[in-house]
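Below is the file work_4.txt, which contains compact mmCIF, C-alpha atoms.
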# COMPACT_ATOMS: atom_id res chain seq x y z
CA MET A 2 -57.81 50.38 97.11
CA ALA A 3 -55.32 49.39 99.77
CA THR A 4 -52.32 47.26 98.89
CA VAL A 5 -49.64 45.46 100.85
CA PRO A 6 -46.83 48.03 101.40
CA GLU A 7 -43.26 47.22 100.48
CA ILE A 8 -40.70 46.53 103.17
CA LYS A 9 -39.59 49.75 104.91
CA ILE A 10 -35.93 49.83 105.96
CA MET A 11 -35.19 52.07 108.92
CA ARG A 12 -33.13 55.11 107.89
CA SER A 13 -30.69 56.53 110.44
CA GLU A 14 -30.97 60.10 109.17
CA SER A 15 -34.71 60.14 109.86
CA LEU A 16 -34.24 59.43 113.57
CA GLY A 17 -33.34 62.60 115.42
CA HIS A 18 -32.83 63.47 119.07
CA ARG A 19 -35.81 63.93 121.36
CA SER A 20 -36.23 67.53 122.53
CA ASP A 21 -39.17 67.42 124.93
CA VAL A 22 -37.26 67.38 128.22
CA SER A 23 -40.47 68.26 130.07
CA SER A 24 -42.17 64.91 129.44
CA PRO A 25 -42.61 62.65 132.49
CA GLU A 26 -40.45 60.00 130.82
CA ALA A 27 -37.64 62.48 130.10
CA LYS A 28 -37.73 63.70 133.70
CA LEU A 29 -37.41 60.10 134.80
CA GLY A 30 -34.43 59.74 132.47
CA MET A 31 -32.82 62.79 134.07
CA ARG A 32 -33.26 61.12 137.44
CA VAL A 33 -31.31 58.15 136.08
CA GLU A 34 -28.72 60.64 134.79
CA ASP A 35 -28.22 62.06 138.29
CA LEU A 36 -27.80 58.57 139.73
CA TRP A 37 -25.44 57.65 136.88
CA ASP A 38 -23.10 60.49 137.85
CA GLU A 39 -23.05 59.29 141.46
CA GLN A 40 -21.97 55.72 140.69
CA LYS A 41 -18.49 54.50 141.53
CA PRO A 42 -16.08 55.01 138.59
CA GLN A 43 -14.80 51.43 138.75
CA LEU A 44 -18.25 50.07 137.85
CA SER A 45 -18.86 48.99 134.26
CA PRO A 46 -21.62 50.81 132.31
CA ASN A 47 -23.92 47.79 132.74
CA GLU A 48 -23.30 47.68 136.49
CA LYS A 49 -24.02 51.41 136.68
CA LEU A 50 -27.35 50.98 134.92
CA ASN A 51 -28.32 48.13 137.23
CA ALA A 52 -27.48 50.26 140.27
CA CYS A 53 -29.43 53.23 138.91
CA PHE A 54 -32.57 51.24 138.20
CA GLU A 55 -32.37 49.45 141.55
CA SER A 56 -32.49 52.89 143.24
CA ILE A 57 -35.74 54.03 141.56
CA PRO A 58 -39.15 52.73 142.75
CA VAL A 59 -41.73 51.67 140.15
CA SER A 60 -44.08 54.27 141.61
CA ALA A 61 -42.01 56.80 139.62
CA PHE A 62 -43.04 55.30 136.29
CA PRO A 63 -45.49 57.61 134.44
CA LEU A 64 -49.11 56.49 134.35
CA SER A 65 -49.91 54.53 131.21
CA SER A 66 -52.97 54.66 128.98
CA ASP A 67 -53.64 51.03 129.95
CA SER A 68 -54.32 52.16 133.54
CA GLN A 69 -57.09 54.65 132.67
CA ASP A 70 -59.64 52.95 134.94
CA ILE A 71 -60.36 50.27 132.34
CA GLU A 72 -61.42 47.17 134.22
CA ILE A 73 -63.40 44.13 133.11
CA ARG A 74 -65.85 42.38 135.42
CA SER A 75 -65.37 38.66 135.85
CA ASP A 76 -68.95 38.03 134.66
CA THR A 77 -68.33 39.82 131.35
CA SER A 78 -68.69 37.63 128.25
CA LEU A 79 -65.74 37.13 125.93
CA ALA A 80 -67.63 39.02 123.21
CA GLU A 81 -68.16 42.00 125.51
CA ALA A 82 -64.54 41.90 126.69
CA VAL A 83 -63.31 42.00 123.08
CA GLN A 84 -65.52 45.01 122.36
CA THR A 85 -64.23 46.82 125.45
CA LEU A 86 -60.57 46.22 124.66
CA SER A 87 -61.13 47.28 121.04
CA LYS A 88 -63.03 50.43 122.03
CA PHE A 89 -60.24 51.68 124.29
CA LYS A 90 -57.48 50.37 122.00
CA VAL A 91 -55.73 48.40 124.73
CA LEU A 92 -54.40 44.86 124.65
CA SER A 93 -55.21 43.93 128.23
CA ALA A 94 -57.17 44.94 131.31
CA PRO A 95 -57.43 43.79 134.94
CA VAL A 96 -60.35 41.48 135.76
CA VAL A 97 -62.39 42.39 138.86
CA ASP A 98 -63.97 39.55 140.82
CA VAL A 99 -67.66 40.47 141.11
CA ASP A 100 -68.00 38.15 144.09
CA ALA A 101 -65.28 39.89 146.12
CA PRO A 102 -66.48 41.85 149.18
CA GLU A 103 -66.54 45.65 148.95
CA ASP A 104 -63.70 46.00 151.44
CA ALA A 105 -61.52 43.43 149.66
CA SER A 106 -57.80 44.09 149.28
CA TRP A 107 -56.35 44.27 145.78
CA ILE A 108 -55.22 40.63 145.87
CA ASP A 109 -58.82 39.51 146.54
CA ARG A 110 -60.40 42.10 144.26
CA TYR A 111 -58.63 41.00 141.07
CA ILE A 112 -58.38 37.53 139.56
CA GLY A 113 -55.76 38.53 136.99
CA ILE A 114 -55.20 40.46 133.79
CA VAL A 115 -56.90 39.25 130.63
CA GLU A 116 -55.13 39.93 127.34
CA PHE A 117 -56.69 40.23 123.91
CA PRO A 118 -54.31 37.55 122.56
CA GLY A 119 -55.25 35.33 125.51
CA ILE A 120 -58.93 35.35 124.50
CA VAL A 121 -58.02 34.48 120.93
CA VAL A 122 -55.70 31.68 121.99
CA TRP A 123 -58.37 30.20 124.23
CA LEU A 124 -61.01 30.34 121.48
CA LEU A 125 -58.74 28.64 118.96
CA HIS A 126 -57.86 25.97 121.50
CA GLN A 127 -61.54 25.10 121.91
CA LEU A 128 -61.64 24.11 118.24
CA GLU A 129 -58.80 21.65 118.67
CA PRO A 130 -60.07 18.82 120.88
CA PRO A 131 -57.66 15.96 121.69
CA SER A 132 -59.10 13.87 118.83
CA PRO A 133 -59.39 16.01 115.68
CA ARG A 134 -61.70 13.44 114.11
CA SER A 135 -64.10 13.71 117.02
CA PRO A 136 -65.58 17.23 117.09
CA ALA A 137 -67.83 16.60 120.07
CA VAL A 138 -66.10 19.19 122.25
CA ALA A 139 -66.42 22.00 119.74
CA ALA A 140 -69.95 20.96 118.84
CA SER A 141 -70.95 21.21 122.49
CA ASN A 142 -69.74 24.80 122.40
CA GLY A 143 -72.26 25.81 119.78
CA PHE A 144 -70.56 24.78 116.51
CA SER A 145 -72.20 22.52 113.96
CA HIS A 146 -70.69 19.13 113.11
CA ASP A 147 -70.04 20.19 109.49
CA PHE A 148 -68.40 23.46 110.50
CA THR A 149 -66.16 21.86 113.12
CA THR A 150 -65.13 19.02 110.84
CA ASP A 151 -64.29 21.47 108.06
CA VAL A 152 -62.14 23.63 110.32
CA LEU A 153 -60.36 20.76 112.03
CA ASP A 154 -59.79 18.68 108.92
CA ASN A 155 -59.13 21.47 106.42
CA GLY A 156 -57.88 24.34 108.56
CA ASP A 157 -54.34 23.89 107.27
CA SER A 158 -55.33 23.88 103.61
CA ALA A 159 -54.61 26.77 101.28
CA VAL A 160 -58.16 28.07 101.58
CA THR A 161 -60.23 28.71 104.69
CA SER A 162 -63.78 29.96 104.38
CA GLY A 163 -64.64 33.40 105.72
CA ASN A 164 -67.67 31.69 107.26
CA PHE A 165 -65.38 30.47 110.04
CA PHE A 166 -65.24 33.87 111.73
CA GLU A 167 -68.95 34.56 111.31
CA VAL A 168 -69.80 31.25 112.96
CA LEU A 169 -67.23 31.84 115.69
CA THR A 170 -68.54 35.30 116.66
CA SER A 171 -72.16 34.13 116.61
CA SER A 172 -71.48 30.95 118.60
CA GLU A 173 -72.76 30.34 122.11
CA LEU A 174 -69.16 29.76 123.17
CA TYR A 175 -68.14 33.30 122.23
CA LYS A 176 -71.29 35.02 123.48
CA ASN A 177 -71.84 33.13 126.74
CA THR A 178 -68.39 32.20 128.07
CA LYS A 179 -67.44 34.55 130.89
CA VAL A 180 -63.99 36.00 131.43
CA ARG A 181 -63.78 34.21 134.78
CA ASP A 182 -64.30 30.89 132.94
CA ILE A 183 -60.93 31.26 131.23
CA SER A 184 -59.06 32.65 134.26
CA GLY A 185 -56.92 29.51 134.45
CA THR A 186 -55.38 30.48 131.10
CA PHE A 187 -54.08 33.84 132.35
CA ARG A 188 -50.29 34.02 132.13
CA TRP A 189 -49.88 34.52 135.90
CA ALA A 190 -52.49 33.06 138.22
CA PRO A 191 -53.94 34.12 140.44
CA PHE A 192 -52.08 37.43 140.08
CA LEU A 193 -48.58 38.87 139.90
CA ALA A 194 -48.16 42.53 140.75
CA LEU A 195 -45.46 44.88 142.00
CA GLN A 196 -45.75 47.06 145.05
CA LYS A 197 -45.01 50.77 144.65
CA GLU A 198 -41.70 50.45 146.49
CA ASN A 199 -40.39 47.65 144.25
CA SER A 200 -37.53 48.77 142.02
CA PHE A 201 -37.25 49.57 138.35
CA LEU A 202 -34.70 46.77 138.10
CA THR A 203 -37.29 44.24 139.29
CA MET A 204 -39.80 45.57 136.78
CA LEU A 205 -37.34 45.52 133.87
CA LEU A 206 -36.26 41.95 134.62
CA LEU A 207 -39.87 40.75 134.76
CA LEU A 208 -40.61 42.38 131.40
CA SER A 209 -37.55 40.85 129.77
CA LYS A 210 -36.06 37.70 131.26
CA TYR A 211 -39.38 36.55 132.77
CA LYS A 212 -41.38 37.34 129.61
CA MET A 213 -44.17 39.40 131.16
CA LYS A 214 -45.78 41.80 128.71
CA SER A 215 -47.40 43.99 131.37
CA ILE A 216 -47.12 44.42 135.12
CA PRO A 217 -49.71 46.00 137.43
CA VAL A 218 -48.45 48.23 140.23
CA VAL A 219 -50.44 48.27 143.47
CA ASP A 220 -50.45 50.03 146.81
CA LEU A 221 -50.98 47.58 149.68
CA GLY A 222 -53.32 50.03 151.37
CA VAL A 223 -55.47 50.60 148.29
CA ALA A 224 -57.83 48.12 146.64
CA LYS A 225 -57.20 49.29 143.06
CA ILE A 226 -54.36 48.94 140.60
CA GLU A 227 -52.49 52.24 140.39
CA ASN A 228 -50.57 51.69 137.17
CA ILE A 229 -49.87 49.09 134.49
CA ILE A 230 -46.35 49.08 133.07
CA THR A 231 -45.90 47.49 129.65
CA GLN A 232 -42.93 46.58 127.47
CA SER A 233 -43.97 49.27 124.99
CA GLY A 234 -44.23 51.77 127.85
CA VAL A 235 -40.60 51.09 128.78
CA ILE A 236 -39.52 51.50 125.15
CA HIS A 237 -41.34 54.86 125.03
CA MET A 238 -39.55 55.94 128.22
CA LEU A 239 -36.20 55.01 126.68
CA ALA A 240 -37.02 56.92 123.49
CA GLU A 241 -37.74 60.03 125.55
CA CYS A 242 -34.29 59.67 127.14
CA ALA A 243 -32.42 60.16 123.84
CA GLY A 244 -29.72 62.77 124.30
CA LEU A 245 -29.02 61.95 127.95
CA LEU A 246 -25.49 60.75 128.71
CA TRP A 247 -26.39 57.35 130.17
CA PHE A 248 -28.75 56.56 127.29
CA GLU A 249 -26.30 57.65 124.60
CA ASP A 250 -23.52 55.62 126.23
CA TRP A 251 -25.70 52.51 126.03
CA GLY A 252 -27.70 53.27 122.88
CA ILE A 253 -24.73 53.94 120.61
CA LYS A 254 -23.95 50.22 120.41
CA THR A 255 -24.91 48.44 117.19
CA LEU A 256 -27.19 45.41 117.22
CA SER A 257 -24.34 43.10 116.24
CA GLU A 258 -22.24 44.45 119.15
CA VAL A 259 -24.89 43.47 121.71
CA GLY A 260 -25.64 40.08 120.16
CA LEU A 261 -28.90 40.92 118.40
CA PRO A 262 -30.89 39.46 116.83
CA ILE A 263 -31.15 36.48 119.15
CA MET A 264 -33.60 34.77 116.83
CA SER A 265 -32.02 33.93 113.47
CA LYS A 266 -33.87 33.50 110.19
CA ASP A 267 -33.82 29.70 110.52
CA HIS A 268 -35.85 29.87 113.74
CA ILE A 269 -38.45 32.45 112.70
CA ILE A 270 -41.97 31.07 112.35
CA LYS A 271 -43.42 32.49 109.13
CA ILE A 272 -46.40 32.14 106.83
CA TYR A 273 -46.80 32.67 103.10
CA GLU A 274 -49.17 35.32 101.73
CA ASP A 275 -51.32 32.73 99.94
CA GLU A 276 -51.95 30.66 103.10
CA PRO A 277 -55.12 31.14 105.19
CA VAL A 278 -55.02 33.79 107.89
CA LEU A 279 -56.54 31.26 110.29
CA GLN A 280 -53.37 29.23 109.90
CA ALA A 281 -51.33 32.27 110.98
CA PHE A 282 -53.29 32.56 114.23
CA LYS A 283 -53.06 28.81 114.80
CA LEU A 284 -49.28 28.94 114.39
CA MET A 285 -49.03 31.79 116.88
CA ARG A 286 -51.05 29.79 119.38
CA ARG A 287 -49.09 26.57 118.93
CA LYS A 288 -45.70 28.25 119.01
CA ARG A 289 -46.71 30.73 121.75
CA ILE A 290 -45.56 33.77 119.80
CA GLY A 291 -47.21 37.17 119.43
CA GLY A 292 -46.60 37.83 115.75
CA ILE A 293 -45.63 36.25 112.46
CA PRO A 294 -44.12 37.64 109.22
CA VAL A 295 -46.05 37.22 105.98
CA ILE A 296 -43.71 36.05 103.20
CA GLU A 297 -44.06 36.40 99.45
CA ARG A 298 -43.64 32.90 98.08
CA LYS A 299 -41.75 33.90 94.93
CA SER A 300 -39.16 36.22 96.49
CA GLU A 301 -39.09 34.74 100.02
CA LYS A 302 -39.11 38.31 101.34
CA PRO A 303 -41.42 39.66 104.09
CA VAL A 304 -44.38 41.70 102.81
CA GLY A 305 -46.33 42.14 106.02
CA ASN A 306 -46.76 41.21 109.66
CA ILE A 307 -49.72 39.75 111.52
CA SER A 308 -49.93 39.75 115.32
CA LEU A 309 -52.36 38.07 117.70
CA ARG A 310 -53.95 41.42 118.46
CA ASP A 311 -54.92 41.77 114.77
CA VAL A 312 -57.55 39.06 115.18
CA GLN A 313 -59.68 41.81 116.73
CA PHE A 314 -60.54 42.92 113.19
CA LEU A 315 -62.00 39.50 112.41
CA LEU A 316 -63.97 39.51 115.66
CA THR A 317 -65.21 43.11 115.59
CA ALA A 318 -65.33 44.07 111.88
CA PRO A 319 -66.90 41.17 109.91
CA GLU A 320 -67.37 43.41 106.87
CA ILE A 321 -63.68 43.05 106.04
CA TYR A 322 -64.09 39.44 104.93
CA HIS A 323 -67.65 39.32 103.60
CA ASP A 324 -66.47 39.70 100.00
CA TYR A 325 -64.01 36.84 100.23
CA ARG A 326 -64.71 33.21 99.58
CA SER A 327 -61.40 32.58 101.31
CA ILE A 328 -59.20 34.70 103.57
CA THR A 329 -55.53 34.38 102.82
CA THR A 330 -53.01 36.36 104.83
CA LYS A 331 -52.68 38.79 101.89
CA ASN A 332 -56.48 39.19 101.71
CA PHE A 333 -56.49 39.91 105.41
CA LEU A 334 -53.73 42.55 105.28
CA VAL A 335 -55.32 44.36 102.34
CA SER A 336 -58.86 44.23 103.80
CA VAL A 337 -57.84 45.47 107.24
CA ARG A 338 -55.96 48.39 105.72
CA GLU A 339 -59.00 49.30 103.61
CA HIS A 340 -61.20 49.06 106.72
CA LEU A 341 -58.88 51.31 108.74
CA GLU A 342 -58.54 53.85 105.93
CA LYS A 343 -62.33 54.13 105.68
CA SER A 344 -62.64 54.60 109.44
CA GLY A 345 -59.87 57.20 109.46
CA ASP A 346 -57.59 55.17 111.70
CA THR A 347 -54.19 55.17 110.01
CA SER A 348 -52.16 54.84 113.21
CA ALA A 349 -52.72 51.10 113.74
CA PRO A 350 -49.45 49.13 113.58
CA ILE A 351 -50.79 46.87 110.82
CA MET A 352 -50.84 49.93 108.52
CA SER A 353 -47.05 50.22 108.70
CA GLY A 354 -46.30 47.12 106.68
CA VAL A 355 -42.92 45.53 107.32
CA ILE A 356 -40.57 47.68 109.40
CA ALA A 357 -37.02 46.41 109.16
CA CYS A 358 -33.48 47.25 110.19
CA THR A 359 -29.98 45.89 109.65
CA LYS A 360 -27.41 44.62 112.13
CA ASN A 361 -25.54 47.91 111.72
CA HIS A 362 -28.30 49.97 113.29
CA THR A 363 -27.85 51.06 116.90
CA LEU A 364 -30.02 50.33 119.92
CA LYS A 365 -30.98 54.01 120.00
CA GLU A 366 -32.12 53.99 116.37
CA LEU A 367 -34.09 50.80 116.96
CA ILE A 368 -35.84 52.21 120.05
CA LEU A 369 -36.80 55.45 118.30
CA MET A 370 -38.27 53.52 115.38
CA LEU A 371 -40.20 51.04 117.54
CA ASP A 372 -41.64 53.90 119.58
CA ALA A 373 -42.54 56.01 116.54
CA GLU A 374 -44.26 53.13 114.74
CA LYS A 375 -45.89 51.69 117.90
CA ILE A 376 -44.82 48.16 116.96
CA HIS A 377 -43.68 45.27 119.17
CA ARG A 378 -41.15 43.62 116.86
CA ILE A 379 -38.83 44.55 114.04
CA TYR A 380 -37.30 42.36 111.38
CA VAL A 381 -33.59 42.30 110.60
CA VAL A 382 -32.75 42.12 106.88
CA ASP A 383 -29.62 42.15 104.76
CA ASP A 384 -28.84 44.77 102.10
CA SER A 385 -31.06 42.92 99.61
CA GLY A 386 -34.07 42.83 101.94
CA ASN A 387 -33.74 39.16 102.78
CA LEU A 388 -34.87 38.16 106.27
CA GLU A 389 -32.00 37.62 108.72
CA GLY A 390 -33.63 37.71 112.12
CA LEU A 391 -36.22 39.15 114.49
CA ILE A 392 -35.94 41.52 117.47
CA THR A 393 -38.71 42.04 120.04
CA LEU A 394 -39.20 44.66 122.75
CA ARG A 395 -38.20 42.03 125.29
CA ASP A 396 -34.87 41.49 123.53
CA ILE A 397 -34.03 45.19 123.84
CA ILE A 398 -35.04 45.53 127.50
CA ALA A 399 -32.96 42.42 128.26
CA ARG A 400 -29.89 44.30 126.96
CA LEU A 401 -30.51 47.15 129.40
CA VAL A 402 -30.15 45.25 132.70
CA HIS A 403 -28.97 41.90 134.03
CA GLU A 404 -30.18 39.79 136.96
CA PRO A 405 -27.78 39.66 139.94
CA SER A 406 -27.27 36.24 141.51
CA GLY A 407 -30.12 35.34 143.87
CA TYR A 408 -31.87 38.63 143.15
CA PHE A 409 -35.49 37.46 143.32
CA GLY A 410 -35.18 35.14 146.30
CA ASP A 411 -38.69 33.92 147.21
CA PHE A 412 -40.41 36.58 145.07
CA PHE A 413 -42.15 33.98 142.89
CA ASP A 414 -43.39 31.75 145.70
CA GLY A 415 -47.06 31.00 145.08
CA VAL A 416 -46.89 32.13 141.46
CA ILE A 417 -44.72 29.53 139.75
CA PRO A 418 -45.34 26.90 138.50
CA LEU A 419 -47.94 28.07 136.03
CA PRO A 420 -51.37 26.45 136.13
CA GLU A 421 -51.67 23.13 134.30
CA ASN A 422 -54.16 24.48 131.77
CA TYR A 423 -52.03 27.54 131.00
CA ARG A 424 -52.08 28.21 127.25
CA VAL A 425 -51.35 31.93 126.79

Represent the structure of the file as structure tokens.
Amino acid sequence: MATVPEIKIMRSESLGHRSDVSSPEAKLGMRVEDLWDEQKPQLSPNEKLNACFESIPVSAFPLSSDSQDIEIRSDTSLAEAVQTLSKFKVLSAPVVDVDAPEDASWIDRYIGIVEFPGIVVWLLHQLEPPSPRSPAVAASNGFSHDFTTDVLDNGDSAVTSGNFFEVLTSSELYKNTKVRDISGTFRWAPFLALQKENSFLTMLLLLSKYKMKSIPVVDLGVAKIENIITQSGVIHMLAECAGLLWFEDWGIKTLSEVGLPIMSKDHIIKIYEDEPVLQAFKLMRRKRIGGIPVIERKSEKPVGNISLRDVQFLLTAPEIYHDYRSITTKNFLVSVREHLEKSGDTSAPIMSGVIACTKNHTLKELILMLDAEKIHRIYVVDDSGNLEGLITLRDIIARLVHEPSGYFGDFFDGVIPLPENYRV
């Protein structure tokens, strides 16, 4: 029987140097190394890194698993889209406009990139009409009056029925809504992509300061996306660069030296292990965050982590909650781990429990751990295991480069502001 693992503190001695200098990411790091040696000696290390990354085109970034020809048609239902993303174990995929002509350019061929969390956020939003006491909107989407009233009126109570997810996945809303119907909720609309000649610096700034989780790379002469660069892909590249001079010079700094964590314990959105898992997903939607720590009420210490992508288990594996009258966050963590153990999938991030570090760890140690565990956030704790802060992939990338004055110019024209009904 699976249990909730104890908090796992990152140990420095377990994080060694990378040795595979033949990997595409390591070769890319060596290219940065060559450029590093050519920079003017009067430049600061940060200025050197900026100059190096400005000199490398994004076309040099290794192909990611997210770009393995996985595309979703705009007439695909949300249910089918969830199954596709789950099958290929990816969080997002480009959406192809089925009405676009065969000779369409990439900007006409795609309507955006749909993310697993985006689908979840949209679904949860449909259950929260402007007037909570008037469930007409949700009822029109295939939910009964009793079900909608129960969710809207009691969704924040200590117990939420497992029936919620069964009704949700069998609803007309879930089965019949097409991906194109929620295109206005995509983070960037109609589409934000980089051309092959754009620089690494541009890409790194978009993934950090401008909060993009993934960026498609296109060739103006080709109608298909050539690559999708993600925050986790950049972290993997950095991990493969361990041992190189430029990386060691930057990565040797401790978290406290570079001002991390940015988010202190007082600002972390959290949920207790005896609260309903539905409440965790609602909090993530309302606060526009990708994950939330699960806290033991007695000790006030983190015992797990739930991210928006974990809702896939409620949408695709209903057997994990059939035995529960209620689904607390602890129930959810234990059930998902049991489900994954039975299916032989022990590599999912939710299996890792709470991965934590201290402010004395270095950027290098943090990157190696994040890459090894395939997680998107790490908690900062004190020597007693008490929560002190949170660090995300974006926080780390933001410490790698800085935005020069006026750097983007008119780059965002036509993309910002975000659409009015943006909710992802």

Do you have the CA of Ile328 in chain A-CA of Ile270 in chain A distance handy?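 Distance reported for this atom pair: 19.7 Å.
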
Top pick for closest residue to Lys90 in chain A, considering A:Ile216, A:Leu239, A:Ile71, A:Leu202 and counting only C-alpha atoms: A:Ile71

As a check of understanding: the span from CA of Ala399 in chain A to CA of Asp372 in chain A is 16.8 Å

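Note that CA of Lys254 in chain A and CA of Asn361 in chain A are 9.1 Å apart.
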
Selection near Ile183 in chain A, 9 Å with all atoms listed in the file, sequence-local residues under 6 positions removed, as a VMD selection string: chain A and resid 115 120 123

Selection near Gly252 in chain A, 8 Å with only C-alpha atoms, sequence-local residues under 6 positions removed, as number ranges by chain: A: 363-366

Contact residues around Ile253 in chain A with only C-alpha atoms at 12 Å, ignoring same-chain residues under 2 positions, as a JSON list (two decimals) with C-alpha atoms, in the frame of the given file:
[["chain", "number", "residue", "atom", "x", "y", "z"],
["A", 243, "ALA", "CA", -32.42, 60.16, 123.84],
["A", 244, "GLY", "CA", -29.72, 62.77, 124.30],
["A", 245, "LEU", "CA", -29.02, 61.95, 127.95],
["A", 246, "LEU", "CA", -25.49, 60.75, 128.71],
["A", 247, "TRP", "CA", -26.39, 57.35, 130.17],
["A", 248, "PHE", "CA", -28.75, 56.56, 127.29],
["A", 249, "GLU", "CA", -26.30, 57.65, 124.60],
["A", 250, "ASP", "CA", -23.52, 55.62, 126.23],
["A", 251, "TRP", "CA", -25.70, 52.51, 126.03],
["A", 255, "THR", "CA", -24.91, 48.44, 117.19],
["A", 256, "LEU", "CA", -27.19, 45.41, 117.22],
["A", 257, "SER", "CA", -24.34, 43.10, 116.24],
["A", 258, "GLU", "CA", -22.24, 44.45, 119.15],
["A", 259, "VAL", "CA", -24.89, 43.47, 121.71],
["A", 361, "ASN", "CA", -25.54, 47.91, 111.72],
["A", 362, "HIS", "CA", -28.30, 49.97, 113.29],
["A", 363, "THR", "CA", -27.85, 51.06, 116.90],
["A", 364, "LEU", "CA", -30.02, 50.33, 119.92],
["A", 365, "LYS", "CA", -30.98, 54.01, 120.00],
["A", 366, "GLU", "CA", -32.12, 53.99, 116.37],
["A", 367, "LEU", "CA", -34.09, 50.80, 116.96],
["A", 368, "ILE", "CA", -35.84, 52.21, 120.05]]

Glu227 in chain A environment, 10 Å, only C-alpha atoms, sequence neighbours closer than 5 positions dropped, as a PyMOL selection string: chain A and resi 60+64-65+68-70+196-197+217-220

Quick one: residues within 7 Å of Lys302 in chain A, only C-alpha atoms counted, chain neighbours fewer than 4 positions away excluded, as a list in words?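 What passes the distance filter is Ile296, Glu297, Gly386, Asn387 and Leu388 of chain A.
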
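When only C-alpha atoms are used to compute distances to Ser172 in chain A, the closest of the residues A:Arg338, A:Ala80, A:Phe282, A:Cys53 turns out to be A:Ala80.
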
Residues proximal to (-21.4, 46.3, 134.2) were defined as those with any atom within 12 Å of that point in the file's coordinates, counting only C-alpha atoms. Which are they, as a ChimeraX atom specification? /A:40-53,251,400-405

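Remark: residues at most 12 Å from position (-29.7, 41.0, 104.8) in file coordinates are Ile10, Ser265, Lys266, Lys302, Pro303, Ala357, Cys358, Thr359, Lys360, Asn361, Tyr380, Val381, Val382, Asp383, Asp384, Ser385, Gly386, Asn387, Leu388, Glu389, Gly390 and Leu391 of chain A, using only C-alpha atoms.
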